[in-house]
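Coordinates from model.cif are shown below (mmCIF, C-alpha atoms).
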```cif
data_data
loop_
_atom_site.group_PDB
_atom_site.id
_atom_site.type_symbol
_atom_site.label_atom_id
_atom_site.label_comp_id
_atom_site.auth_asym_id
_atom_site.auth_seq_id
_atom_site.Cartn_x
_atom_site.Cartn_y
_atom_site.Cartn_z
ATOM 1 C CA MET E 1 116.307 101.691 108.440
ATOM 2 C CA THR E 2 114.389 99.735 110.987
ATOM 3 C CA GLU E 3 113.599 96.152 110.050
ATOM 4 C CA PRO E 4 109.920 95.301 110.308
ATOM 5 C CA SER E 5 108.877 93.124 113.160
ATOM 6 C CA GLN E 6 106.335 90.450 112.354
ATOM 7 C CA LEU E 7 103.260 90.797 114.530
ATOM 8 C CA PRO E 8 100.938 88.082 115.800
ATOM 9 C CA SER E 9 98.379 88.035 113.044
ATOM 10 C CA GLY E 10 95.555 85.629 113.628
ATOM 11 C CA GLY E 11 95.989 84.688 109.960
ATOM 12 C CA VAL E 12 96.436 88.251 108.671
ATOM 13 C CA PRO E 13 99.899 89.196 107.318
ATOM 14 C CA ARG E 14 101.193 92.078 109.474
ATOM 15 C CA ALA E 15 104.414 93.941 110.157
ATOM 16 C CA ALA E 16 105.477 96.957 112.211
ATOM 17 C CA TRP E 17 108.312 99.462 112.136
ATOM 18 C CA ALA E 18 109.629 101.780 114.803
ATOM 19 C CA VAL E 19 109.454 105.326 113.381
ATOM 20 C CA THR E 20 110.399 108.761 114.628
ATOM 21 C CA ASP E 21 108.517 111.916 113.731
ATOM 22 C CA TYR E 22 106.379 110.222 111.059
ATOM 23 C CA ASP E 23 102.828 111.587 110.778
ATOM 24 C CA LEU E 24 100.923 108.986 108.797
ATOM 25 C CA ALA E 25 97.711 111.038 108.551
ATOM 26 C CA LYS E 26 99.531 114.105 107.203
ATOM 27 C CA THR E 27 101.507 111.982 104.773
ATOM 28 C CA LEU E 28 98.552 110.073 103.328
ATOM 29 C CA ASN E 29 96.023 112.914 103.370
ATOM 30 C CA CYS E 30 98.052 115.924 102.174
ATOM 31 C CA GLY E 31 97.140 115.709 98.479
ATOM 32 C CA GLN E 32 100.218 113.926 97.128
ATOM 33 C CA ALA E 33 98.374 110.602 96.739
ATOM 34 C CA PHE E 34 94.670 110.124 96.180
ATOM 35 C CA ARG E 35 93.874 106.471 96.864
ATOM 36 C CA TRP E 36 94.060 106.343 100.658
ATOM 37 C CA ARG E 37 90.828 106.070 102.670
ATOM 38 C CA ARG E 38 90.601 106.304 106.434
ATOM 39 C CA ASP E 39 88.413 103.916 108.410
ATOM 40 C CA GLU E 40 88.128 102.995 112.090
ATOM 41 C CA ARG E 41 91.204 100.732 111.846
ATOM 42 C CA GLY E 42 93.581 102.983 109.893
ATOM 43 C CA TRP E 43 94.220 103.886 106.271
ATOM 44 C CA GLN E 44 93.346 101.555 103.379
ATOM 45 C CA GLY E 45 95.128 101.893 100.063
ATOM 46 C CA VAL E 46 96.945 100.115 97.277
ATOM 47 C CA VAL E 47 100.741 100.055 97.006
ATOM 48 C CA ALA E 48 102.674 98.113 94.372
ATOM 49 C CA GLY E 49 99.563 96.169 93.375
ATOM 50 C CA ARG E 50 98.777 95.122 96.953
ATOM 51 C CA TRP E 51 95.924 96.106 99.257
ATOM 52 C CA VAL E 52 97.338 97.442 102.511
ATOM 53 C CA ARG E 53 96.007 98.947 105.735
ATOM 54 C CA LEU E 54 98.348 101.268 107.617
ATOM 55 C CA SER E 55 98.004 102.578 111.147
ATOM 56 C CA SER E 56 100.270 104.279 113.626
ATOM 57 C CA ASP E 57 100.415 105.198 117.258
ATOM 58 C CA GLY E 58 103.310 106.851 118.937
ATOM 59 C CA GLY E 59 106.497 105.548 117.404
ATOM 60 C CA LEU E 60 105.085 102.452 115.732
ATOM 61 C CA LEU E 61 103.828 102.179 112.154
ATOM 62 C CA ARG E 62 101.803 99.033 111.429
ATOM 63 C CA ALA E 63 100.905 97.388 108.118
ATOM 64 C CA GLU E 64 98.393 94.682 107.288
ATOM 65 C CA THR E 65 97.937 93.012 103.904
ATOM 66 C CA ALA E 66 95.409 90.599 102.451
ATOM 67 C CA LEU E 67 98.038 88.105 101.268
ATOM 68 C CA PRO E 68 101.227 86.808 102.950
ATOM 69 C CA GLN E 69 104.376 88.831 102.191
ATOM 70 C CA ALA E 70 107.794 87.247 101.754
ATOM 71 C CA ALA E 71 109.337 90.679 102.370
ATOM 72 C CA TRP E 72 108.154 94.224 103.002
ATOM 73 C CA GLN E 73 110.695 96.257 100.956
ATOM 74 C CA TRP E 74 107.958 97.404 98.551
ATOM 75 C CA LEU E 75 106.203 99.201 101.428
ATOM 76 C CA GLU E 76 109.391 100.466 103.060
ATOM 77 C CA HIS E 77 110.350 101.996 99.705
ATOM 78 C CA TYR E 78 106.922 103.617 99.186
ATOM 79 C CA LEU E 79 106.866 105.119 102.697
ATOM 80 C CA GLN E 80 110.597 106.018 102.624
ATOM 81 C CA LEU E 81 111.164 104.300 105.940
ATOM 82 C CA GLY E 82 114.899 103.999 105.288
ATOM 83 C CA LEU E 83 115.402 107.721 104.735
ATOM 84 C CA ASP E 84 117.736 109.432 107.215
ATOM 85 C CA TRP E 85 115.312 112.297 107.866
ATOM 86 C CA PRO E 86 117.527 114.257 110.330
ATOM 87 C CA ARG E 87 120.319 114.208 107.729
ATOM 88 C CA VAL E 88 117.942 115.554 105.051
ATOM 89 C CA LEU E 89 116.766 118.328 107.382
ATOM 90 C CA ARG E 90 120.353 119.428 108.017
ATOM 91 C CA THR E 91 120.642 120.300 104.306
ATOM 92 C CA PHE E 92 117.767 122.809 104.493
ATOM 93 C CA PRO E 93 118.479 126.545 104.834
ATOM 94 C CA ASP E 94 118.226 127.832 108.382
ATOM 95 C CA ASP E 95 115.948 130.814 107.811
ATOM 96 C CA ALA E 96 112.555 131.963 109.078
ATOM 97 C CA PRO E 97 110.459 130.775 106.091
ATOM 98 C CA MET E 98 112.020 127.303 106.158
ATOM 99 C CA ARG E 99 111.611 126.979 109.929
ATOM 100 C CA ALA E 100 107.932 127.961 109.562
ATOM 101 C CA ALA E 101 107.424 125.407 106.769
ATOM 102 C CA LEU E 102 109.097 122.652 108.799
ATOM 103 C CA ALA E 103 106.957 123.455 111.833
ATOM 104 C CA ALA E 104 103.740 123.409 109.755
ATOM 105 C CA CYS E 105 104.637 120.145 108.013
ATOM 106 C CA ARG E 106 106.243 118.284 110.899
ATOM 107 C CA GLY E 107 106.017 114.534 110.355
ATOM 108 C CA LEU E 108 104.916 114.759 106.719
ATOM 109 C CA ARG E 109 106.887 112.566 104.307
ATOM 110 C CA LEU E 110 107.006 112.318 100.552
ATOM 111 C CA LEU E 111 105.749 109.031 99.173
ATOM 112 C CA ARG E 112 107.607 107.153 96.452
ATOM 113 C CA GLN E 113 104.637 106.539 94.230
ATOM 114 C CA ASP E 114 104.657 104.549 91.033
ATOM 115 C CA PRO E 115 105.686 107.139 88.381
ATOM 116 C CA TRP E 116 102.842 106.258 85.988
ATOM 117 C CA GLU E 117 100.180 106.400 88.712
ATOM 118 C CA CYS E 118 101.588 109.692 90.006
ATOM 119 C CA LEU E 119 101.676 111.286 86.540
ATOM 120 C CA ALA E 120 98.206 110.083 85.532
ATOM 121 C CA SER E 121 96.704 111.141 88.870
ATOM 122 C CA PHE E 122 98.061 114.638 88.611
ATOM 123 C CA LEU E 123 96.981 114.976 84.986
ATOM 124 C CA LEU E 124 93.463 114.041 86.103
ATOM 125 C CA SER E 125 93.622 116.522 88.966
ATOM 126 C CA ALA E 126 93.652 119.740 86.916
ATOM 127 C CA THR E 127 91.138 122.244 88.309
ATOM 128 C CA LYS E 128 89.644 119.661 90.684
ATOM 129 C CA GLN E 129 89.325 119.432 94.445
ATOM 130 C CA ILE E 130 90.842 116.478 96.311
ATOM 131 C CA VAL E 131 87.487 114.712 96.826
ATOM 132 C CA GLN E 132 86.752 114.972 93.094
ATOM 133 C CA ILE E 133 90.225 113.673 92.202
ATOM 134 C CA GLN E 134 89.775 110.705 94.553
ATOM 135 C CA THR E 135 86.421 109.861 92.950
ATOM 136 C CA ILE E 136 87.797 110.081 89.391
ATOM 137 C CA ILE E 137 90.781 107.881 90.226
ATOM 138 C CA GLU E 138 88.644 105.353 92.102
ATOM 139 C CA ARG E 139 86.316 105.024 89.091
ATOM 140 C CA LEU E 140 89.286 104.722 86.726
ATOM 141 C CA CYS E 141 90.743 101.891 88.816
ATOM 142 C CA GLN E 142 87.374 100.115 89.122
ATOM 143 C CA SER E 143 86.831 100.326 85.346
ATOM 144 C CA TYR E 144 90.315 99.458 84.071
ATOM 145 C CA GLY E 145 92.344 98.035 86.980
ATOM 146 C CA ALA E 146 92.509 94.459 88.227
ATOM 147 C CA ARG E 147 90.551 93.512 91.339
ATOM 148 C CA LEU E 148 92.939 92.828 94.252
ATOM 149 C CA PRO E 149 92.539 90.417 97.160
ATOM 150 C CA THR E 150 91.256 92.135 100.313
ATOM 151 C CA PRO E 151 90.383 90.838 103.763
ATOM 152 C CA ALA E 152 86.785 89.814 104.422
ATOM 153 C CA GLY E 153 84.626 92.839 105.139
ATOM 154 C CA SER E 154 86.951 95.308 103.411
ATOM 155 C CA VAL E 155 85.945 97.550 100.538
ATOM 156 C CA ALA E 156 86.960 96.220 97.117
ATOM 157 C CA ALA E 157 90.387 97.382 95.916
ATOM 158 C CA PHE E 158 91.704 97.645 92.368
ATOM 159 C CA SER E 159 95.155 98.126 90.878
ATOM 160 C CA PHE E 160 95.919 101.310 88.999
ATOM 161 C CA PRO E 161 95.492 100.697 85.249
ATOM 162 C CA THR E 162 98.624 100.298 83.156
ATOM 163 C CA PRO E 163 99.442 102.912 80.503
ATOM 164 C CA GLU E 164 98.236 100.453 77.863
#
```

Represent the structure of the file as structure tokens.
Amino acid sequence: MTEPSQLPSGGVPRAAWAVTDYDLAKTLNCGQAFRWRRDERGWQGVVAGRWVRLSSDGGLLRAETALPQAAWQWLEHYLQLGLDWPRVLRTFPDDAPMRAALAACRGLRLLRQDPWECLASFLLSATKQIVQIQTIIERLCQSYGARLPTPAGSVAAFSFPTPE
């Protein structure tokens, strides 16, 4: 795993990781998670009860948060940045269907979502399209989640409600 490098922030907590073959847009917009929104500066979402903006270019993945972070393991875990992806790929069958799937999904990674949020989101997703699922989950979080700190000018963010 690559250790994050702290970036000059101008007061905004930031970190960056060198990544290989990691397609952030595919990963965040493929339908496995429903709380990521793209804007002109990257992707805004909530991970582990924290507002975060992610962006990438080339081999660098950048993160920005609203509050200072003592460590970034929570985000590394969520994005699976420590996963030895070439080793995982070597375990896949070497056949035509698998090669086609790998080519179509190049750079896509599975996210390690909070189990409760993942389960509840997919229960709410039955017979819905992704835009509808995103709207339902956003309203659920606004109604029953806690408001989270965000940078000035950012859209309000809310935690995912607890099972209770």

TODO: Pick out the residues sitting within 6 Å of stretch 56-68 of chain E, and hand them over as number ranges by chain; count only C-alpha atoms, and ignore anything fewer than 5 positions along from it in its own chain.
DONE: E: 13-20, 51, 150-151

Residues from last step as file, C-alpha atoms, as a tab-separated table (two decimals), in the frame of the given file:
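Written out: result25.tsv:
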```tsv
chain	number	residue	atom	x	y	z
E	13	PRO	CA	99.90	89.20	107.32
E	14	ARG	CA	101.19	92.08	109.47
E	15	ALA	CA	104.41	93.94	110.16
E	16	ALA	CA	105.48	96.96	112.21
E	17	TRP	CA	108.31	99.46	112.14
E	18	ALA	CA	109.63	101.78	114.80
E	19	VAL	CA	109.45	105.33	113.38
E	20	THR	CA	110.40	108.76	114.63
E	51	TRP	CA	95.92	96.11	99.26
E	150	THR	CA	91.26	92.14	100.31
E	151	PRO	CA	90.38	90.84	103.76
```

TODO: Identify, on the basis of all atoms listed in the file, every residue whose closest approach to E:Glu164 does not exceed 12 Å; exclude the query and any residue fewer than 4 positions from it along the same chain; express the result as a PyMOL selection string.
DONE: chain E and resi 116+144-145+160

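Minimum atom-to-atom distances from E:Val12, E:Leu75, E:Ala156, E:Cys30 to E:Ile130 were compared using only C-alpha atoms, and the lowest value belongs to E:Cys30.
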
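Of the listed residues (E:Leu28, E:Leu111, E:Cys105, E:Val131), E:Leu111 comes nearest to E:Leu81; the distances count all atoms listed in the file.
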
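Rounded to one decimal, atom CA of E:Gly49 and atom CA of E:Leu119 lie 16.7 Å from each other.
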
Would you mind putting back N, CA and C atoms on stretch 61-81 of chain E, then writing it out as a short mmCIF file (atom, residue, chain, number, x, y, z; two decimals), in the coordinates of the input?
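part_20.cif, freshly written:
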```
data_model
loop_
_atom_site.label_atom_id
_atom_site.label_comp_id
_atom_site.auth_asym_id
_atom_site.auth_seq_id
_atom_site.Cartn_x
_atom_site.Cartn_y
_atom_site.Cartn_z
N LEU E 61 104.63 102.19 113.38
CA LEU E 61 103.83 102.18 112.15
C LEU E 61 103.52 100.72 111.84
N ARG E 62 102.23 100.41 111.66
CA ARG E 62 101.80 99.03 111.43
C ARG E 62 101.23 98.88 110.03
N ALA E 63 101.45 97.71 109.44
CA ALA E 63 100.90 97.39 108.12
C ALA E 63 100.23 96.03 108.17
N GLU E 64 99.15 95.93 107.42
CA GLU E 64 98.39 94.68 107.29
C GLU E 64 98.08 94.50 105.81
N THR E 65 98.24 93.31 105.30
CA THR E 65 97.94 93.01 103.90
C THR E 65 96.94 91.86 103.83
N ALA E 66 96.37 91.68 102.65
CA ALA E 66 95.41 90.60 102.45
C ALA E 66 96.11 89.27 102.20
N LEU E 67 97.30 89.32 101.60
CA LEU E 67 98.04 88.10 101.27
C LEU E 67 99.37 88.07 102.01
N PRO E 68 99.92 86.90 102.29
CA PRO E 68 101.23 86.81 102.95
C PRO E 68 102.31 87.52 102.13
N GLN E 69 103.28 88.11 102.83
CA GLN E 69 104.38 88.83 102.19
C GLN E 69 105.70 88.15 102.53
N ALA E 70 106.47 87.83 101.52
CA ALA E 70 107.79 87.25 101.75
C ALA E 70 108.73 88.31 102.31
N ALA E 71 108.52 89.55 101.90
CA ALA E 71 109.34 90.68 102.37
C ALA E 71 108.48 91.93 102.27
N TRP E 72 108.92 92.98 102.94
CA TRP E 72 108.15 94.22 103.00
C TRP E 72 108.88 95.40 102.37
N GLN E 73 109.93 95.16 101.56
CA GLN E 73 110.70 96.26 100.96
C GLN E 73 109.83 97.17 100.09
N TRP E 74 108.84 96.61 99.40
CA TRP E 74 107.96 97.40 98.55
C TRP E 74 107.27 98.51 99.34
N LEU E 75 106.87 98.21 100.59
CA LEU E 75 106.20 99.20 101.43
C LEU E 75 107.21 100.14 102.08
N GLU E 76 108.34 99.62 102.50
CA GLU E 76 109.39 100.47 103.06
C GLU E 76 109.84 101.50 102.03
N HIS E 77 109.96 101.08 100.78
CA HIS E 77 110.35 102.00 99.70
C HIS E 77 109.28 103.08 99.52
N TYR E 78 108.03 102.68 99.40
CA TYR E 78 106.92 103.62 99.19
C TYR E 78 106.85 104.66 100.30
N LEU E 79 106.98 104.22 101.55
CA LEU E 79 106.87 105.12 102.70
C LEU E 79 108.18 105.81 103.06
N GLN E 80 109.26 105.48 102.36
CA GLN E 80 110.60 106.02 102.62
C GLN E 80 111.03 105.80 104.08
N LEU E 81 110.82 104.60 104.55
CA LEU E 81 111.16 104.30 105.94
C LEU E 81 112.67 104.24 106.17
#
```
